[in-house]
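Listing of final_22.cif; format and content: mmCIF, C-alpha atoms and all ligand atoms.
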data_protein
loop_
_atom_site.label_atom_id
_atom_site.label_comp_id
_atom_site.auth_asym_id
_atom_site.auth_seq_id
_atom_site.Cartn_x
_atom_site.Cartn_y
_atom_site.Cartn_z
CA MET A 1 70.61 -3.23 161.24
CA GLU A 2 69.18 0.16 162.14
CA ILE A 3 70.91 3.26 160.77
CA THR A 4 69.46 5.86 163.11
CA GLY A 5 71.82 6.65 165.99
CA ARG A 6 74.56 4.32 164.70
CA HIS A 7 78.18 5.34 164.18
CA ILE A 8 78.90 4.91 160.48
CA LEU A 9 82.36 5.27 158.95
CA ILE A 10 82.40 5.97 155.20
CA THR A 11 85.52 6.04 153.03
CA GLY A 12 85.47 8.17 149.89
CA ALA A 13 82.70 10.24 151.46
CA ASN A 14 83.37 13.49 149.63
CA ARG A 15 81.80 12.60 146.28
CA GLY A 16 79.92 10.04 144.26
CA ILE A 17 78.33 7.07 146.02
CA GLY A 18 80.10 7.83 149.34
CA ARG A 19 78.74 11.36 149.51
CA ALA A 20 75.18 10.28 148.67
CA PHE A 21 75.46 7.53 151.30
CA ALA A 22 76.69 10.03 153.92
CA LYS A 23 73.71 12.27 153.15
CA MET A 24 71.30 9.34 153.46
CA CYS A 25 72.84 8.39 156.85
CA ALA A 26 72.58 12.04 157.98
CA GLU A 27 68.89 12.11 157.00
CA ASP A 28 68.46 8.94 159.07
CA LYS A 29 70.04 10.79 162.04
CA ALA A 30 73.17 8.68 162.29
CA ASN A 31 76.58 9.69 163.64
CA VAL A 32 78.46 10.10 160.39
CA HIS A 33 82.23 9.62 160.21
CA LEU A 34 83.80 10.74 156.95
CA VAL A 35 87.13 9.43 155.71
CA ILE A 36 88.31 11.98 153.18
CA ARG A 37 91.62 13.27 151.84
CA LYS A 38 91.08 16.93 152.66
CA GLU A 39 88.82 19.08 154.83
CA ASP A 40 85.41 19.85 153.33
CA ALA A 41 83.49 22.37 155.43
CA GLU A 42 80.67 22.55 152.89
CA LEU A 43 80.06 18.79 153.14
CA VAL A 44 80.04 18.89 156.95
CA GLU A 45 77.54 21.76 156.86
CA GLU A 46 75.36 19.89 154.34
CA LEU A 47 75.28 16.76 156.52
CA ASN A 48 74.51 18.70 159.70
CA ALA A 49 71.70 20.47 157.87
CA ALA A 50 70.40 17.10 156.62
CA GLY A 51 69.93 15.96 160.24
CA ALA A 52 73.10 14.07 161.21
CA LYS A 53 73.36 13.33 164.94
CA SER A 54 77.05 14.19 164.61
CA VAL A 55 79.60 14.58 161.83
CA THR A 56 83.28 13.74 162.32
CA VAL A 57 86.00 14.11 159.71
CA TRP A 58 88.97 11.77 159.54
CA ILE A 59 91.64 12.85 157.08
CA ALA A 60 93.49 9.93 155.49
CA ASN A 61 95.05 8.99 152.19
CA LEU A 62 94.09 5.35 151.77
CA SER A 63 96.90 4.71 149.31
CA ASP A 64 99.31 5.04 152.25
CA ARG A 65 99.45 1.98 154.54
CA ALA A 66 100.93 4.00 157.44
CA ALA A 67 98.12 6.56 157.15
CA VAL A 68 95.53 3.76 157.35
CA SER A 69 97.27 2.36 160.49
CA GLU A 70 97.22 5.85 162.01
CA LEU A 71 93.51 6.17 161.22
CA ILE A 72 92.74 2.81 162.86
CA LYS A 73 94.65 3.88 165.99
CA LYS A 74 92.64 7.10 166.20
CA LEU A 75 89.40 5.15 165.80
CA GLN A 76 90.07 2.74 168.68
CA ASP A 77 87.87 4.73 171.09
CA VAL A 78 85.04 5.19 168.60
CA GLN A 79 82.46 2.44 168.53
CA ILE A 80 81.93 2.10 164.81
CA ASP A 81 78.76 0.10 164.02
CA ILE A 82 78.93 0.23 160.23
CA LEU A 83 82.09 0.41 158.15
CA PHE A 84 81.44 1.33 154.53
CA ASN A 85 84.57 0.53 152.51
CA ASN A 86 83.61 2.60 149.50
CA ALA A 87 86.65 4.57 148.29
CA GLY A 88 88.02 3.32 145.03
CA GLN A 89 90.09 4.11 142.00
CA LEU A 90 89.76 3.00 138.39
CA THR A 91 92.52 1.76 136.13
CA GLY A 92 91.99 0.37 132.66
CA GLY A 93 92.95 0.07 129.04
CA LEU A 94 95.09 -2.59 127.38
CA LEU A 95 97.42 -3.87 130.10
CA GLU A 96 100.65 -2.78 128.39
CA THR A 97 99.32 0.81 128.23
CA GLN A 98 98.54 1.04 131.96
CA SER A 99 100.94 2.63 134.42
CA MET A 100 102.34 0.23 137.05
CA ASP A 101 102.38 3.06 139.62
CA GLU A 102 98.69 3.68 139.04
CA ILE A 103 97.92 -0.05 139.27
CA TYR A 104 99.75 -0.29 142.62
CA GLU A 105 97.94 2.74 144.00
CA MET A 106 94.57 1.41 142.82
CA LEU A 107 95.20 -2.00 144.44
CA GLN A 108 96.28 -0.30 147.65
CA VAL A 109 93.04 1.72 147.81
CA ASN A 110 90.57 -0.84 146.39
CA VAL A 111 91.92 -3.93 148.15
CA ASN A 112 94.63 -3.43 150.79
CA SER A 113 93.15 -0.45 152.63
CA LEU A 114 89.73 -2.17 152.62
CA ILE A 115 91.24 -5.28 154.22
CA GLN A 116 93.36 -3.21 156.62
CA LEU A 117 90.41 -1.10 157.83
CA THR A 118 88.26 -4.19 158.27
CA HIS A 119 91.10 -5.92 160.15
CA GLY A 120 91.51 -2.86 162.38
CA LEU A 121 87.84 -2.29 163.22
CA LEU A 122 86.55 -5.88 163.38
CA PRO A 123 87.88 -6.75 166.88
CA GLY A 124 85.85 -3.90 168.44
CA MET A 125 82.72 -5.01 166.57
CA LEU A 126 83.23 -8.63 167.68
CA ALA A 127 83.70 -7.55 171.30
CA ARG A 128 80.44 -5.58 171.11
CA LYS A 129 78.74 -8.41 169.16
CA ARG A 130 77.45 -5.79 166.76
CA GLY A 131 78.59 -4.46 163.43
CA LYS A 132 78.28 -4.43 159.69
CA ILE A 133 81.00 -4.26 157.07
CA ILE A 134 79.87 -3.03 153.68
CA ASN A 135 82.30 -3.55 150.82
CA ASN A 136 81.83 -1.83 147.49
CA SER A 137 82.70 -4.25 144.71
CA SER A 138 81.44 -4.05 141.15
CA VAL A 139 79.79 -5.99 138.36
CA ALA A 140 83.37 -5.99 137.00
CA ALA A 141 84.11 -8.67 139.61
CA TYR A 142 82.18 -11.12 137.40
CA MET A 143 81.89 -9.47 134.00
CA TYR A 144 85.35 -9.95 132.55
CA PHE A 145 86.11 -7.89 129.49
CA PRO A 146 89.27 -6.71 127.76
CA SER A 147 90.69 -3.37 128.99
CA ASN A 148 89.46 -4.07 132.50
CA SER A 149 92.04 -6.60 133.76
CA THR A 150 93.46 -4.68 136.72
CA TYR A 151 90.30 -3.02 138.07
CA ALA A 152 88.32 -6.28 137.66
CA ALA A 153 91.05 -8.13 139.58
CA SER A 154 90.70 -5.67 142.47
CA LYS A 155 86.92 -6.01 142.59
CA SER A 156 87.07 -9.84 142.38
CA ALA A 157 89.41 -9.70 145.38
CA VAL A 158 86.78 -7.67 147.26
CA VAL A 159 84.16 -10.34 146.47
CA ALA A 160 86.41 -13.17 147.68
CA PHE A 161 87.41 -11.30 150.84
CA THR A 162 83.84 -10.40 151.74
CA GLN A 163 82.39 -13.85 151.04
CA CYS A 164 85.04 -15.60 153.18
CA LEU A 165 84.47 -13.09 155.96
CA HIS A 166 80.70 -13.55 155.71
CA ALA A 167 81.09 -17.27 156.47
CA GLU A 168 83.67 -16.58 159.18
CA LEU A 169 81.40 -14.14 161.01
CA LYS A 170 78.36 -16.43 161.25
CA ASP A 171 76.60 -16.04 164.63
CA THR A 172 78.97 -13.33 165.88
CA GLY A 173 76.54 -10.41 165.60
CA VAL A 174 78.76 -8.90 162.90
CA SER A 175 77.56 -9.16 159.30
CA THR A 176 78.75 -8.21 155.84
CA LEU A 177 77.05 -6.57 152.90
CA LEU A 178 78.65 -7.06 149.50
CA LEU A 179 77.74 -4.51 146.85
CA ILE A 180 77.92 -5.74 143.28
CA THR A 181 77.66 -2.19 142.06
CA PRO A 182 76.43 -1.48 138.52
CA GLY A 183 77.02 1.73 136.52
CA ILE A 184 76.38 4.70 138.80
CA LYS A 185 76.53 8.22 137.39
CA THR A 186 79.61 9.52 139.22
CA ARG A 187 83.01 10.90 138.22
CA MET A 188 84.28 7.32 138.11
CA PHE A 189 81.67 6.31 135.55
CA ASP A 190 82.66 9.26 133.34
CA LYS A 191 86.23 7.94 133.60
CA VAL A 192 85.02 4.44 132.61
CA VAL A 193 83.97 5.86 129.25
CA ASP A 194 87.34 7.68 128.78
CA VAL A 195 89.41 4.67 129.81
CA PHE A 196 87.59 1.87 128.01
CA SER A 197 85.96 3.35 124.96
CA LYS A 198 89.16 3.27 122.88
CA ASN A 199 88.93 -0.53 122.73
CA MET A 200 85.48 -1.44 123.98
CA GLU A 201 81.94 -0.36 123.34
CA VAL A 202 80.90 0.41 126.90
CA PRO A 203 77.28 -0.09 128.02
CA SER A 204 75.78 3.20 129.11
CA GLU A 205 73.09 2.11 131.60
CA THR A 206 73.51 4.03 134.87
CA ILE A 207 71.51 5.00 137.91
CA SER A 208 72.07 8.02 140.12
CA PRO A 209 74.04 7.80 143.39
CA ALA A 210 70.89 8.93 145.26
CA GLN A 211 68.87 6.05 143.79
CA TYR A 212 71.63 3.55 144.53
CA VAL A 213 72.04 4.51 148.18
CA LYS A 214 68.30 3.98 148.71
CA MET A 215 68.88 0.35 147.65
CA ILE A 216 71.88 0.08 149.97
CA ARG A 217 69.74 1.50 152.80
CA GLU A 218 67.10 -1.20 152.28
CA ALA A 219 69.82 -3.89 152.21
CA ILE A 220 71.22 -2.61 155.54
CA LEU A 221 67.81 -2.39 157.21
CA HIS A 222 66.89 -5.93 156.07
CA ASP A 223 70.34 -7.44 156.69
CA ILE A 224 70.78 -8.63 153.13
CA ASP A 225 74.26 -10.08 152.37
CA VAL A 226 74.63 -9.28 148.69
CA LEU A 227 73.14 -6.45 146.67
CA GLU A 228 73.06 -7.18 142.95
CA PRO A 229 71.70 -5.00 140.15
CA SER A 230 68.47 -5.58 138.29
CA GLY A 231 67.57 -4.38 134.77
CA LEU A 232 69.79 -4.86 131.76
CA THR A 233 72.95 -4.93 133.88
CA GLY A 234 71.36 -7.60 136.05
CA TRP A 235 70.77 -9.77 132.98
CA ALA A 236 74.31 -9.19 131.73
CA LEU A 237 75.62 -10.18 135.16
CA LYS A 238 73.60 -13.41 135.04
CA ALA A 239 74.98 -14.14 131.56
CA ALA A 240 78.56 -13.54 132.77
CA LYS A 241 78.02 -15.91 135.70
CA PHE A 242 75.90 -18.66 134.16
CA ALA A 243 76.21 -18.39 130.37
CA LYS A 244 79.85 -17.43 129.91
CA PRO A 245 80.16 -18.41 126.21
CA LEU A 246 77.25 -16.10 125.39
CA PHE A 247 78.74 -13.26 127.45
CA ASP A 248 82.18 -13.76 125.86
CA PHE A 249 80.67 -13.74 122.37
CA GLU A 250 78.93 -10.40 123.05
CA VAL A 251 82.11 -8.93 124.56
CA GLY A 252 84.16 -10.12 121.57
CA ARG A 253 81.79 -8.30 119.23
CA ARG A 254 82.35 -5.03 121.09
CA PHE A 255 86.16 -5.21 121.39
CA ARG A 256 88.82 -3.94 119.00
CA ARG A 257 92.52 -3.93 119.78
N1 LIG B 1 80.41 4.57 139.55
C1 LIG B 1 80.31 3.32 139.10
O1 LIG B 1 79.79 3.06 138.01
C2 LIG B 1 80.83 2.18 139.95
C3 LIG B 1 80.57 0.87 139.52
C4 LIG B 1 81.03 -0.19 140.28
C5 LIG B 1 81.72 0.05 141.46
N2 LIG B 1 81.96 1.32 141.86
C6 LIG B 1 82.72 1.51 143.10
O2 LIG B 1 82.07 2.43 143.94
C7 LIG B 1 83.03 3.08 144.79
C8 LIG B 1 82.78 4.58 144.77
O3 LIG B 1 82.97 5.05 143.45
P1 LIG B 1 82.24 6.32 142.84
O4 LIG B 1 81.57 5.88 141.61
O5 LIG B 1 81.50 7.06 143.89
O6 LIG B 1 83.54 7.11 142.36
P2 LIG B 1 84.13 8.56 142.59
O7 LIG B 1 83.08 9.59 142.47
O8 LIG B 1 85.31 8.60 141.69
O9 LIG B 1 84.60 8.51 144.11
C9 LIG B 1 85.72 7.80 144.52
C10 LIG B 1 85.98 8.15 145.97
O10 LIG B 1 87.13 7.41 146.42
C11 LIG B 1 88.02 8.33 147.05
N3 LIG B 1 89.43 7.93 146.95
C12 LIG B 1 90.10 7.56 145.84
N4 LIG B 1 91.41 7.39 146.14
C13 LIG B 1 91.53 7.64 147.47
C14 LIG B 1 92.63 7.64 148.37
N5 LIG B 1 93.87 7.36 147.96
N6 LIG B 1 92.41 7.95 149.66
C15 LIG B 1 91.15 8.27 150.09
N7 LIG B 1 90.08 8.30 149.29
C16 LIG B 1 90.27 7.99 147.99
C17 LIG B 1 87.80 9.63 146.28
O11 LIG B 1 88.35 10.72 147.02
P3 LIG B 1 89.07 11.97 146.27
O12 LIG B 1 87.97 12.90 145.87
O13 LIG B 1 89.98 12.53 147.33
O14 LIG B 1 89.81 11.42 145.09
C18 LIG B 1 86.29 9.64 146.17
O15 LIG B 1 85.72 10.08 147.35
C19 LIG B 1 84.39 2.67 144.25
O16 LIG B 1 84.95 1.64 145.05
C20 LIG B 1 84.09 2.13 142.86
O17 LIG B 1 85.04 1.19 142.43
C21 LIG B 1 81.53 2.38 141.13
#
Please go through the file and, once you have read it, give me the structure as structure tokens.
Amino acid sequence: MEITGRHILITGANRGIGRAFAKMCAEDKANVHLVIRKEDAELVEELNAAGAKSVTVWIANLSDRAAVSELIKKLQDVQIDILFNNAGQLTGGLLETQSMDEIYEMLQVNVNSLIQLTHGLLPGMLARKRGKIINNSSVAAYMYFPSNSTYAASKSAVVAFTQCLHAELKDTGVSTLLLITPGIKTRMFDKVVDVFSKNMEVPSETISPAQYVKMIREAILHDIDVLEPSGLTGWALKAAKFAKPLFDFEVGRRFRR
């Protein structure tokens, strides 16, 4: 799908991958719709300066189901072509040390709001026979390691949801793009080190958000369904999927309770 001139809604657009993606869409002269938790005049200015056809801000806290419903209602008259479900939170550590409130909030943002937004915007896309839903999952959806139980569960849910939808949407004009995101140098990755390193030796391979969104751009333009990492993380992902005993052995070596 083309990016230029399209209406693109991005959650978590104020920093990290979402912000870099918004900038890339602006440079491609798209109509950029930002879902953020608070006004950010500097970001709007930056995107206008980068060449956006238009920039619209939608304030919503995705951990609040009613706020997501409200957002969907407001979006009914906007013909969104691409929905990028990107916002996410990280929880981790040994399960008994994690806060149940934080787990609930993370699941609400990472899973429920993603499903709710897709559910709300899909009928319009189907009626127009045009649309793309991009869901930001993670290598954690396949690479199971101790300390990552709750976050990995959320990202596996995103994989399952997107893959079912992909099959369901065949020949409708609406497609999906599943991101099996590797380590990206954002605030979340810095938190990964804080959260996991007490019990796990965490791999440190990362790429920049700007590099990653170039790959996402190519995947959109060429209508690819799944974007997986290459490099060392790509090999580790293959091991987790196809050589589980080997992956588990390596994980066991790096874990201490
Ligand atoms: N970085 C990585 O290594 C990595 C790896 C695999 C997958 N991912 C996935 O990539 C996505 C983006 O992560 P990132 O690395 O760019 O992280 P980030 O810099 O921490 O950004 C997270 C974004 O999500 C937004 N968000 C969190 N809770 C929200 C809520 N309740 N309502 C609205 N927005 C909320 C944040 O907004 P606020 O600023 O308002 O908090 C922020 O814009 C996430 O889904 C993450 O799981 C990242």
In Å to one decimal, how far is atom O15 of ligand LIG 1 (chain B) from CA of Met143 (chain A)? 24.0 Å
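Each of A:Gly51, A:Pro229, A:Gly131, A:Gly93 was checked against Ile8 (chain A) using all atoms listed in the file; the smallest atom-to-atom distance is that of A:Gly131.
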Tell me which protein, DNA and RNA residues are within 8 Å of Cys25 (chain A), counting only C-alpha atoms, leaving out same-chain ones fewer than 6 positions away, and put them as a compact mmCIF listing (two decimals) with C-alpha atoms, keeping the file's coordinate frame.
# COMPACT_ATOMS: atom_id res chain seq x y z
CA ILE A 3 70.91 3.26 160.77
CA THR A 4 69.46 5.86 163.11
CA ILE A 8 78.90 4.91 160.48
CA ASN A 31 76.58 9.69 163.64
CA VAL A 32 78.46 10.10 160.39
CA ALA A 52 73.10 14.07 161.21
Ligand LIG 1 (chain B): which residues are within 9 Å, counting only C-alpha atoms and all ligand atoms? Reply as a ChimeraX atom specification. /A:11-20,35-38,59-64,85-90,105-106,108-110,113,135-140,151,154-155,179-192,206-207,209
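Using only C-alpha atoms, the shortest contact distance between Arg253 (chain A) and any of A:Val202, A:Ile10, A:Leu34, A:Leu232 is found at A:Val202.
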Straight-line distance linking CA of Gly173 (chain A) with CA of Asp81 (chain A), stated in Å to one decimal: 10.9 Å
Write out as a CSV table (one decimal) with C-alpha atoms, keeping the file's coordinate frame which residues come within 10 Å of Ile134 (chain A) when counting only C-alpha atoms, dropping same-chain ones fewer than 5 positions away.
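So the final result, stored in around-v8.csv, reads:
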chain,number,residue,atom,x,y,z
A,10,ILE,CA,82.4,6.0,155.2
A,82,ILE,CA,78.9,0.2,160.2
A,83,LEU,CA,82.1,0.4,158.2
A,84,PHE,CA,81.4,1.3,154.5
A,85,ASN,CA,84.6,0.5,152.5
A,86,ASN,CA,83.6,2.6,149.5
A,114,LEU,CA,89.7,-2.2,152.6
A,118,THR,CA,88.3,-4.2,158.3
A,162,THR,CA,83.8,-10.4,151.7
A,175,SER,CA,77.6,-9.2,159.3
A,176,THR,CA,78.8,-8.2,155.8
A,177,LEU,CA,77.0,-6.6,152.9
A,178,LEU,CA,78.6,-7.1,149.5
A,179,LEU,CA,77.7,-4.5,146.8
A,216,ILE,CA,71.9,0.1,150.0
A,220,ILE,CA,71.2,-2.6,155.5
A,225,ASP,CA,74.3,-10.1,152.4
A,226,VAL,CA,74.6,-9.3,148.7
